[in-house]
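Undergrad: Next comes the structure file data08.csv, holding CSV, C-alpha atoms.
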chain,number,residue,atom,x,y,z
A,123,MET,CA,30.6,-14.0,-49.3
A,124,THR,CA,33.4,-13.6,-51.9
A,125,ILE,CA,33.2,-12.1,-55.4
A,126,SER,CA,33.7,-15.5,-57.0
A,127,GLU,CA,30.9,-17.0,-55.0
A,128,ARG,CA,28.6,-14.3,-56.3
A,129,ARG,CA,29.8,-14.7,-59.8
A,130,GLY,CA,29.2,-18.4,-59.7
A,131,VAL,CA,25.6,-18.0,-58.5
A,132,VAL,CA,24.9,-15.4,-61.2
A,133,ARG,CA,26.5,-17.5,-63.9
A,134,ASP,CA,24.3,-20.5,-62.9
A,135,GLY,CA,21.2,-18.4,-62.7
A,136,VAL,CA,21.7,-16.7,-66.0
A,137,GLY,CA,22.6,-20.0,-67.7
A,138,LEU,CA,19.6,-21.7,-66.4
A,139,GLY,CA,17.3,-18.8,-67.3
A,140,ALA,CA,18.6,-18.6,-70.8
A,141,ALA,CA,18.4,-22.3,-71.5
A,142,VAL,CA,15.0,-22.9,-70.1
A,143,GLY,CA,13.6,-19.6,-71.5
A,144,LEU,CA,14.2,-20.8,-75.0
A,145,TYR,CA,11.4,-23.3,-74.6
A,146,GLY,CA,9.0,-20.4,-75.0
A,147,VAL,CA,9.3,-21.0,-78.7
A,148,ALA,CA,7.4,-24.3,-78.2
A,149,PHE,CA,4.8,-22.5,-76.1
A,150,GLY,CA,4.3,-19.7,-78.6
A,151,ALA,CA,3.9,-22.1,-81.5
A,152,THR,CA,1.5,-24.4,-79.5
A,153,ALA,CA,-0.6,-21.5,-78.3
A,154,THR,CA,-1.2,-20.1,-81.8
A,155,ALA,CA,-2.0,-23.6,-83.1
A,156,ALA,CA,-4.7,-23.8,-80.3
A,157,GLY,CA,-6.3,-20.6,-81.7
A,158,LEU,CA,-4.8,-17.9,-79.5
A,159,SER,CA,-3.5,-14.8,-81.2
A,160,VAL,CA,0.2,-13.8,-81.0
A,161,TRP,CA,-0.9,-11.1,-78.5
A,162,GLN,CA,-2.7,-13.6,-76.3
A,163,ALA,CA,0.2,-16.0,-76.3
A,164,SER,CA,2.5,-13.1,-75.4
A,165,VAL,CA,0.3,-11.8,-72.6
A,166,LEU,CA,0.1,-15.3,-71.1
A,167,SER,CA,3.9,-15.6,-71.0
A,168,LEU,CA,4.1,-12.1,-69.6
A,169,LEU,CA,1.5,-12.3,-66.9
A,170,MET,CA,1.0,-16.0,-66.2
A,171,PHE,CA,4.6,-17.0,-66.5
A,172,THR,CA,4.5,-20.6,-65.4
A,173,GLY,CA,5.2,-23.0,-68.3
A,174,ALA,CA,3.3,-26.2,-67.4
A,175,SER,CA,0.1,-24.2,-66.6
A,176,GLN,CA,0.4,-22.2,-69.8
A,177,PHE,CA,0.8,-25.5,-71.8
A,178,ALA,CA,-2.1,-27.0,-69.9
A,179,LEU,CA,-4.3,-24.0,-70.8
A,180,VAL,CA,-3.6,-24.1,-74.5
A,181,GLY,CA,-3.6,-27.9,-74.4
A,182,VAL,CA,-7.2,-28.0,-73.1
A,183,LEU,CA,-8.3,-25.3,-75.6
A,184,ALA,CA,-6.6,-27.3,-78.4
A,185,ALA,CA,-8.6,-30.4,-77.4
A,186,GLY,CA,-11.8,-28.3,-77.7
A,187,GLY,CA,-12.2,-27.5,-74.0
A,188,GLY,CA,-14.2,-24.7,-72.6
A,189,PRO,CA,-12.9,-21.7,-70.6
A,190,PHE,CA,-13.7,-23.2,-67.2
A,191,ALA,CA,-11.8,-26.4,-67.9
A,192,ALA,CA,-8.9,-24.6,-69.4
A,193,VAL,CA,-8.4,-22.2,-66.5
A,194,GLY,CA,-9.2,-25.0,-64.0
A,195,SER,CA,-6.5,-27.3,-65.3
A,196,ALA,CA,-3.9,-24.5,-65.5
A,197,LEU,CA,-4.6,-23.4,-61.9
A,198,LEU,CA,-4.5,-26.9,-60.5
A,199,LEU,CA,-1.0,-27.2,-62.0
A,200,GLY,CA,-0.2,-23.8,-60.6
A,201,THR,CA,-0.8,-24.9,-56.9
A,202,ARG,CA,2.7,-26.2,-57.0
A,203,ASN,CA,4.1,-22.7,-57.1
A,204,SER,CA,2.4,-22.0,-53.7
A,205,ILE,CA,4.4,-24.7,-52.2
A,206,TYR,CA,7.6,-23.3,-53.8
A,207,GLY,CA,6.7,-19.9,-52.3
A,208,LEU,CA,6.5,-21.4,-48.8
A,209,ARG,CA,9.9,-22.9,-49.3
A,210,LEU,CA,11.5,-19.7,-50.5
A,211,ALA,CA,9.7,-17.3,-48.1
A,212,ASP,CA,12.2,-17.8,-45.4
A,213,VAL,CA,15.5,-17.6,-47.3
A,214,LEU,CA,14.4,-14.7,-49.5
A,215,SER,CA,12.6,-12.9,-46.6
A,216,TYR,CA,11.2,-10.3,-48.9
A,217,ARG,CA,8.7,-7.8,-47.5
A,218,GLY,CA,6.2,-5.4,-49.0
A,219,TRP,CA,6.5,-4.5,-52.7
A,220,ARG,CA,9.5,-6.7,-53.1
A,221,ARG,CA,7.5,-9.7,-52.1
A,222,VAL,CA,4.6,-8.7,-54.4
A,223,ALA,CA,7.1,-8.4,-57.3
A,224,ALA,CA,9.1,-11.5,-56.5
A,225,ALA,CA,6.0,-13.8,-56.4
A,226,HIS,CA,5.7,-13.5,-60.1
A,227,TRP,CA,9.0,-15.4,-60.6
A,228,VAL,CA,8.3,-18.2,-58.1
A,229,ILE,CA,8.3,-21.2,-60.5
A,230,ASP,CA,10.0,-24.6,-60.8
A,231,GLU,CA,13.4,-23.5,-62.0
A,232,THR,CA,13.9,-20.4,-59.9
A,233,THR,CA,12.9,-22.4,-56.8
A,234,ALA,CA,15.3,-25.2,-57.6
A,235,ILE,CA,18.3,-22.9,-58.0
A,236,THR,CA,17.4,-20.6,-55.2
A,237,ALA,CA,16.8,-23.4,-52.7
A,238,ARG,CA,20.4,-24.6,-53.1
A,239,GLU,CA,21.6,-21.4,-51.3
A,240,THR,CA,21.3,-21.1,-47.5
A,241,ARG,CA,22.6,-17.5,-47.1
A,242,PRO,CA,19.9,-14.9,-47.9
A,243,GLU,CA,22.2,-12.7,-50.0
A,244,LEU,CA,23.2,-15.5,-52.3
A,245,ALA,CA,19.7,-16.9,-52.4
A,246,ARG,CA,18.4,-13.5,-53.6
A,247,LEU,CA,21.1,-13.3,-56.1
A,248,ALA,CA,20.2,-16.7,-57.5
A,249,PHE,CA,16.5,-15.9,-57.5
A,250,VAL,CA,16.9,-12.6,-59.3
A,251,SER,CA,19.5,-13.7,-61.8
A,252,SER,CA,17.6,-16.8,-62.8
A,253,GLY,CA,14.2,-15.1,-62.6
A,254,SER,CA,15.0,-12.1,-64.7
A,255,THR,CA,16.9,-14.0,-67.4
A,256,LEU,CA,14.2,-16.7,-67.7
A,257,PHE,CA,11.5,-14.1,-67.8
A,258,LEU,CA,13.2,-12.2,-70.6
A,259,PHE,CA,14.1,-15.2,-72.7
A,260,TRP,CA,10.7,-16.9,-72.1
A,261,ASN,CA,8.8,-13.9,-73.4
A,262,LEU,CA,11.0,-13.2,-76.4
A,263,SER,CA,11.0,-16.8,-77.5
A,264,THR,CA,7.2,-17.0,-77.1
A,265,VAL,CA,6.8,-14.1,-79.6
A,266,ALA,CA,9.2,-15.8,-82.0
A,267,GLY,CA,7.4,-19.2,-81.7
A,268,ALA,CA,3.9,-17.6,-82.1
A,269,LEU,CA,4.9,-15.6,-85.2
A,270,GLY,CA,6.7,-18.5,-86.8
A,271,ALA,CA,3.8,-21.0,-86.4
A,272,GLN,CA,1.4,-18.6,-88.2
A,273,SER,CA,3.0,-19.3,-91.5
A,274,PHE,CA,2.8,-23.1,-91.2
A,275,GLY,CA,1.1,-25.3,-93.8
A,276,PRO,CA,-0.8,-28.6,-93.2
A,277,VAL,CA,2.3,-30.8,-92.8
A,278,LEU,CA,3.9,-28.4,-90.3
A,279,GLN,CA,0.5,-28.2,-88.5
A,280,ALA,CA,0.6,-32.0,-88.2
A,281,ALA,CA,4.1,-31.7,-86.8
A,282,LEU,CA,2.9,-29.1,-84.3
A,283,GLY,CA,-0.1,-31.3,-83.3
A,284,SER,CA,2.4,-34.0,-82.6
A,285,VAL,CA,4.6,-31.7,-80.5
A,286,VAL,CA,1.8,-30.9,-78.0
A,287,PRO,CA,1.4,-34.4,-76.5
A,288,ALA,CA,5.2,-34.9,-76.7
A,289,ALA,CA,5.7,-31.7,-74.6
A,290,PHE,CA,3.4,-33.0,-71.9
A,291,LEU,CA,5.2,-36.3,-71.9
A,292,ALA,CA,8.5,-34.5,-71.5
A,293,LEU,CA,7.1,-32.6,-68.6
A,294,LEU,CA,5.8,-35.8,-67.0
A,295,TRP,CA,8.8,-37.9,-67.7
A,296,PRO,CA,11.1,-36.9,-64.8
A,297,ARG,CA,8.3,-37.8,-62.4
A,298,LEU,CA,8.2,-41.4,-63.7
A,299,VAL,CA,11.8,-42.4,-63.9
A,300,ARG,CA,14.2,-43.7,-61.3
A,301,GLY,CA,15.3,-41.0,-58.8
A,302,ALA,CA,11.9,-39.2,-58.7
A,303,ASP,CA,10.3,-38.6,-55.3
A,304,LEU,CA,7.3,-40.8,-54.5
A,305,LEU,CA,8.1,-42.8,-57.7
A,306,ARG,CA,5.6,-45.5,-57.2
A,307,GLU,CA,2.8,-43.1,-56.4
A,308,GLN,CA,3.7,-40.8,-59.3
A,309,ARG,CA,3.4,-43.8,-61.7
A,310,ILE,CA,0.1,-45.0,-60.3
A,311,VAL,CA,-1.4,-41.5,-60.4
A,312,ALA,CA,-0.1,-40.9,-63.9
A,313,LEU,CA,-1.6,-44.1,-65.2
A,314,GLY,CA,-4.8,-43.5,-63.4
A,315,GLY,CA,-5.0,-39.9,-64.7
A,316,ALA,CA,-4.6,-41.1,-68.3
A,317,VAL,CA,-7.2,-43.9,-68.0
A,318,ILE,CA,-9.7,-41.6,-66.3
A,319,ALA,CA,-9.2,-38.9,-69.0
A,320,LEU,CA,-9.6,-41.3,-71.9
A,321,ALA,CA,-12.6,-43.1,-70.3
A,322,LEU,CA,-14.4,-39.8,-69.7
A,323,THR,CA,-13.6,-38.3,-73.1
A,324,PRO,CA,-16.7,-39.5,-74.9
A,325,VAL,CA,-18.9,-38.5,-72.0
A,326,PHE,CA,-17.6,-35.2,-70.6
A,327,ALA,CA,-17.4,-31.8,-72.2
A,328,PRO,CA,-13.8,-31.4,-73.6
A,329,GLY,CA,-11.3,-30.4,-70.9
A,330,LEU,CA,-13.4,-31.4,-67.9
A,331,GLN,CA,-12.0,-35.0,-68.2
A,332,ILE,CA,-8.5,-33.4,-67.6
A,333,ILE,CA,-9.7,-31.9,-64.3
A,334,ALA,CA,-11.5,-35.1,-63.4
A,335,ALA,CA,-8.1,-36.9,-63.9
A,336,ALA,CA,-6.8,-35.1,-60.8
A,337,LEU,CA,-9.0,-37.5,-58.8
A,338,ALA,CA,-6.3,-40.2,-59.6
A,339,VAL,CA,-4.4,-38.6,-56.8
A,340,LEU,CA,-6.8,-40.4,-54.4
A,341,LEU,CA,-5.2,-43.7,-55.6
A,342,ALA,CA,-2.0,-42.8,-53.9
A,343,ILE,CA,-3.1,-40.7,-51.0
A,344,ARG,CA,-5.3,-43.4,-49.4
A,345,THR,CA,-2.6,-46.1,-49.7
A,346,GLY,CA,0.4,-44.2,-48.3
A,347,SER,CA,-0.4,-41.1,-46.3
A,348,HIS,CA,1.7,-42.3,-43.4
A,349,GLU,CA,4.9,-42.0,-45.6
A,350,ALA,CA,4.2,-38.3,-46.2
A,351,GLU,CA,4.7,-37.5,-42.6
A,352,ALA,CA,8.3,-38.4,-42.9
A,353,GLU,CA,9.1,-36.1,-45.8
A,354,ALA,CA,11.5,-33.3,-45.0
A,355,GLY,CA,10.0,-30.6,-47.1
A,356,PRO,CA,8.7,-29.7,-50.5
A,357,GLN,CA,10.9,-31.5,-53.0
A,358,VAL,CA,12.3,-29.6,-55.9
A,359,LYS,CA,13.8,-31.1,-59.0
A,360,ASP,CA,17.4,-30.4,-59.7
A,361,PRO,CA,17.4,-27.7,-62.5
A,362,ARG,CA,20.5,-29.3,-64.0
A,363,GLY,CA,18.8,-32.7,-64.3
A,364,ASP,CA,18.8,-34.4,-67.7
A,365,SER,CA,15.2,-33.7,-68.3
A,366,GLY,CA,14.8,-29.9,-68.3
A,367,GLY,CA,11.4,-28.5,-69.1
A,368,PRO,CA,9.7,-25.1,-69.3
A,369,ALA,CA,9.2,-22.9,-66.3
B,174,MET,CA,-10.5,-15.8,-75.1
B,175,TRP,CA,-9.1,-12.7,-73.4
B,176,ILE,CA,-11.1,-13.4,-70.3
B,177,VAL,CA,-9.6,-16.9,-70.2
B,178,VAL,CA,-6.1,-15.5,-70.6
B,179,ILE,CA,-6.5,-12.8,-68.0
B,180,SER,CA,-8.3,-14.9,-65.3
B,181,ALA,CA,-5.7,-17.7,-65.7
B,182,ALA,CA,-2.9,-15.2,-65.3
B,183,VAL,CA,-4.4,-13.5,-62.3
B,184,GLY,CA,-5.1,-16.9,-60.6
B,185,ALA,CA,-1.7,-18.2,-61.3
B,186,TYR,CA,-0.1,-15.1,-59.8
B,187,LEU,CA,-2.3,-15.2,-56.7
B,188,LEU,CA,-1.2,-18.9,-56.1
B,189,LYS,CA,2.4,-17.8,-56.2
B,190,LEU,CA,1.9,-14.9,-53.9
B,191,ALA,CA,-0.1,-17.0,-51.5
B,192,GLY,CA,2.9,-19.3,-51.0
B,193,LEU,CA,5.2,-16.4,-50.1
B,194,SER,CA,2.6,-14.8,-47.8
B,195,VAL,CA,0.6,-17.3,-45.9
B,196,PRO,CA,1.7,-18.9,-42.6
B,197,PRO,CA,3.4,-22.2,-43.6
B,198,LYS,CA,1.0,-24.3,-41.5
B,199,VAL,CA,-1.8,-24.2,-44.0
B,200,LEU,CA,0.0,-25.8,-46.9
B,201,GLU,CA,2.5,-27.8,-44.9
B,202,ARG,CA,-0.1,-30.4,-43.8
B,203,PRO,CA,1.4,-33.6,-45.2
B,204,LEU,CA,-1.8,-34.7,-47.0
B,205,ILE,CA,-2.1,-31.4,-48.9
B,206,ARG,CA,1.5,-31.3,-49.7
B,207,ARG,CA,1.3,-34.9,-51.0
B,208,ALA,CA,-1.7,-34.0,-53.2
B,209,VAL,CA,0.1,-31.0,-54.6
B,210,GLU,CA,3.2,-33.1,-55.3
B,211,LEU,CA,1.1,-35.8,-57.2
B,212,ILE,CA,-1.6,-33.7,-59.0
B,213,PRO,CA,0.8,-32.7,-61.8
B,214,ALA,CA,1.4,-36.4,-62.7
B,215,ALA,CA,-2.3,-37.0,-63.1
B,216,LEU,CA,-3.0,-33.9,-65.1
B,217,LEU,CA,0.1,-34.2,-67.3
B,218,ALA,CA,-0.7,-37.9,-68.1
B,219,ALA,CA,-4.3,-36.9,-68.9
B,220,LEU,CA,-3.0,-34.1,-71.2
B,221,VAL,CA,-0.7,-36.6,-73.0
B,222,ALA,CA,-3.5,-39.1,-73.5
B,223,VAL,CA,-6.2,-36.6,-74.6
B,224,ASN,CA,-3.9,-34.6,-76.9
B,225,ALA,CA,-2.3,-37.8,-78.5
B,226,LEU,CA,-5.3,-40.1,-78.7
B,227,THR,CA,-8.6,-38.1,-79.0
B,228,THR,CA,-10.2,-35.9,-81.6
B,229,GLU,CA,-13.5,-34.1,-80.9
B,230,GLY,CA,-14.7,-36.5,-78.2
B,231,ALA,CA,-13.6,-39.8,-79.8
B,232,ILE,CA,-10.5,-41.9,-79.5
B,233,VAL,CA,-8.6,-41.6,-82.7
B,234,LEU,CA,-5.3,-43.3,-83.5
B,235,ASP,CA,-3.3,-41.5,-86.0
B,236,PHE,CA,0.2,-39.9,-86.8
B,237,ARG,CA,0.3,-38.5,-83.2
B,238,LEU,CA,0.8,-42.0,-81.8
B,239,ALA,CA,3.9,-42.5,-83.8
B,240,ALA,CA,5.1,-39.0,-82.7
B,241,LEU,CA,4.5,-39.9,-79.1
B,242,ALA,CA,6.4,-43.2,-79.4
B,243,ALA,CA,9.3,-41.3,-81.0
B,244,ALA,CA,9.2,-38.8,-78.1
B,245,ALA,CA,9.3,-41.6,-75.5
B,246,ILE,CA,12.3,-43.1,-77.2
B,247,ALA,CA,14.1,-39.7,-77.2
B,248,LEU,CA,13.2,-39.2,-73.5
B,249,ALA,CA,14.5,-42.7,-72.6
B,250,LEU,CA,17.8,-41.7,-74.4
B,251,ARG,CA,17.9,-38.6,-72.2
B,252,ALA,CA,17.5,-36.2,-75.0
B,253,PRO,CA,17.0,-32.5,-74.0
B,254,PHE,CA,13.5,-31.1,-74.1
B,255,LEU,CA,13.8,-29.2,-77.4
B,256,VAL,CA,15.3,-32.3,-79.1
B,257,VAL,CA,12.3,-34.4,-77.9
B,258,LEU,CA,9.9,-31.9,-79.4
B,259,VAL,CA,11.8,-31.8,-82.7
B,260,VAL,CA,11.9,-35.6,-82.9
B,261,ALA,CA,8.1,-35.8,-82.2
B,262,GLY,CA,7.4,-33.1,-84.7
B,263,GLY,CA,9.4,-34.9,-87.4
B,264,ALA,CA,7.8,-38.2,-86.7
B,265,GLY,CA,4.4,-36.7,-86.7
B,266,ALA,CA,4.9,-34.9,-90.0
B,267,LEU,CA,6.4,-38.1,-91.5
B,268,GLY,CA,3.4,-40.1,-90.3
B,269,TYR,CA,1.0,-37.5,-91.6
B,270,VAL,CA,2.6,-37.5,-95.1
B,271,VAL,CA,2.8,-41.3,-95.2
B,272,ALA,CA,-0.7,-42.1,-93.9
B,273,GLY,CA,-2.6,-39.2,-95.2
Can I see the file as structure tokens?

TA:
Amino acid sequence: MTISERRGVVRDGVGLGAAVGLYGVAFGATATAAGLSVWQASVLSLLMFTGASQFALVGVLAAGGGPFAAVGSALLLGTRNSIYGLRLADVLSYRGWRRVAAAHWVIDETTAITARETRPELARLAFVSSGSTLFLFWNLSTVAGALGAQSFGPVLQAALGSVVPAAFLALLWPRLVRGADLLREQRIVALGGAVIALALTPVFAPGLQIIAAALAVLLAIRTGSHEAEAEAGPQVKDPRGDSGGPA
Amino acid sequence: MWIVVISAAVGAYLLKLAGLSVPPKVLERPLIRRAVELIPAALLAALVAVNALTTEGAIVLDFRLAALAAAAIALALRAPFLVVLVVAGGAGALGYVVAG
């Protein structure tokens, strides 16, 4: 393992962490628009630290959802981090308190960049450099976004209300375009999820229709479970892909 | 609200720790892995639809639809995440001013 190899890994990790971490601005602004205080938005970024789940939590609250629906949606999205952990457990091979600490940073981006390395030393370097930078930038930019959004008038509030669905669309997009794993299934499930959620909106308490939308997964599992057997392992999106999103 | 914030944070952390700690067999069952791979698509699409098209339990078409269309165009042109959000915000604000 040469110095230049280590430098390259750290450079990539820090670059990814800084770039993705800036999306915390959007989360901070969205969270305060959904009725959270600046403190609550900050604590979420500090302690929850998994972007899609954080957006889901405030997205359900913004739609008038109750606490159960908000937490439920967020945790359903968070199950993906369990799979990432499985994938990284071997190459990182942390034990004891290191594992307890490292778990907090197991998210989309750190997994993608760490899983590229096969040697434990470089994998740990990739994980720690991307995780620490992303954590720092994500939390600082959350505070900036939350403070900034508090001074918004009605037109800017409308703009913010428009940003929320766009953020979810941007998170969804890489799953629906050519090159995605399970492309056909992802499209079927996405369409099914949207239809279920809209159909149940007048009937269900706000937020519950989002959780019910997860049932759309059944559309794809029943039709193609034999294909799943052939998959090599949890698939991770390339962090350098053209459609980056929050942690 | 604080209870929501803390319980969601604790739950999310435990899910991460579980992955690093449990024997791989549990989550490596193909069916479970497939469900985990696909659930985000269902939830994110539902969140797009509900946040763009509904207000207080009713389907409402307003400036957010224009913003969503603008966002889709930006995404199709491979714009980065923040650019997509700025485009959507701009289109939404414009739609709000023009329509309302």

Undergrad: Which residues are close to Ala289 in chain A, i.e. within 9 Å by all atoms listed in the file, leaving aside same-chain residues fewer than 5 positions away? Reply as a ChimeraX atom specification.

TA: /A:148,177,284,294,367 /B:221,244,254-255,257-258,261

Undergrad: May I ask you to extract the residues of chain B within 7 Å of chain A, using all atoms listed in the file, and to give them as a PyMOL selection string?

TA: chain B and resi 177-178+181-182+184-186+188-193+197+200+203-204+207-209+211-225+229-231+237+240-241+244+248+251+253-255+258+261-263+265-266+269

Undergrad: Axis-aligned box over every listed atom of range 147-150 of chain A, padded by 6 Å per side: centre and edges in Å to one decimal, as JSON?

TA:
{"center_x": 6.8, "center_y": -22.0, "center_z": -77.4, "size_x": 17.0, "size_y": 16.6, "size_z": 14.6}

Undergrad: What gap, in Å, lies between CA of Val260 in chain B and CA of Gly253 in chain A?

TA: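 Going from CA of Val260 in chain B over to CA of Gly253 in chain A, I get 28.9 Å.
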
Undergrad: Please compute the CA of Arg241 in chain A-CA of Arg128 in chain A distance, one decimal, in Å.

TA: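 Atom-to-atom, CA of Arg241 in chain A to CA of Arg128 in chain A, that is 11.4 Å.
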
Undergrad: Which value, in Å to one decimal, gives the distance between CA of Gly143 in chain A and CA of Leu262 in chain A?

TA: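 One can read the CA of Gly143 in chain A to CA of Leu262 in chain A distance as 8.5 Å.
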
Undergrad: Give me the residues near Gly137 in chain A as a ChimeraX atom specification, where near means some atom within 9 Å (using all atoms listed in the file) and where sequence neighbours in that chain fewer than 5 positions away do not count.

TA: /A:132,142,252,255

Undergrad: Name the closest residue to Arg238 in chain A among the candidates A:Gly135, A:Leu258, A:Gly146, A:Leu341; distances are taken between atoms, counting all atoms listed in the file.

TA: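 With all atoms listed in the file as the atom set, the closest residue is A:Gly135.
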
Undergrad: Return the single residue from A:Arg220, A:Ala141, A:Thr233, A:Ile125 that is closest to Ser194 in chain B, with distances computed using only C-alpha atoms.

TA: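 Counting only C-alpha atoms, the residue closest to Ser194 in chain B is A:Arg220.
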
Undergrad: With all atoms listed in the file as the atoms that count, which of A:Val131, A:Ala155, A:Glu231, A:Phe259 lies nearest to Gly275 in chain A?

TA: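 Using all atoms listed in the file, Gly275 in chain A sits closest to A:Ala155.
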
Undergrad: Save range 174-197 of chain B to disk from that block, C-alpha atoms included, as a JSON list (two decimals), in the first residue's frame.

TA:
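Below is the file part_17.json, written as the result:
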[["chain", "number", "residue", "atom", "x", "y", "z"],
["B", 174, "MET", "CA", -42.11, 16.16, 18.09],
["B", 175, "TRP", "CA", -39.01, 15.41, 20.11],
["B", 176, "ILE", "CA", -40.20, 11.85, 20.67],
["B", 177, "VAL", "CA", -40.55, 11.42, 16.90],
["B", 178, "VAL", "CA", -37.06, 12.83, 16.33],
["B", 179, "ILE", "CA", -35.37, 10.68, 18.96],
["B", 180, "SER", "CA", -37.18, 7.41, 18.24],
["B", 181, "ALA", "CA", -36.53, 7.73, 14.50],
["B", 182, "ALA", "CA", -32.86, 8.44, 15.18],
["B", 183, "VAL", "CA", -32.47, 5.50, 17.55],
["B", 184, "GLY", "CA", -34.31, 3.15, 15.18],
["B", 185, "ALA", "CA", -32.20, 4.22, 12.20],
["B", 186, "TYR", "CA", -29.00, 3.67, 14.19],
["B", 187, "LEU", "CA", -30.05, 0.20, 15.34],
["B", 188, "LEU", "CA", -30.78, -0.80, 11.74],
["B", 189, "LYS", "CA", -27.25, 0.23, 10.77],
["B", 190, "LEU", "CA", -25.66, -1.55, 13.72],
["B", 191, "ALA", "CA", -27.68, -4.69, 13.02],
["B", 192, "GLY", "CA", -26.14, -4.95, 9.56],
["B", 193, "LEU", "CA", -22.60, -4.79, 10.92],
["B", 194, "SER", "CA", -23.37, -7.23, 13.73],
["B", 195, "VAL", "CA", -25.80, -9.98, 12.73],
["B", 196, "PRO", "CA", -24.73, -13.15, 11.02],
["B", 197, "PRO", "CA", -25.17, -12.54, 7.28]]
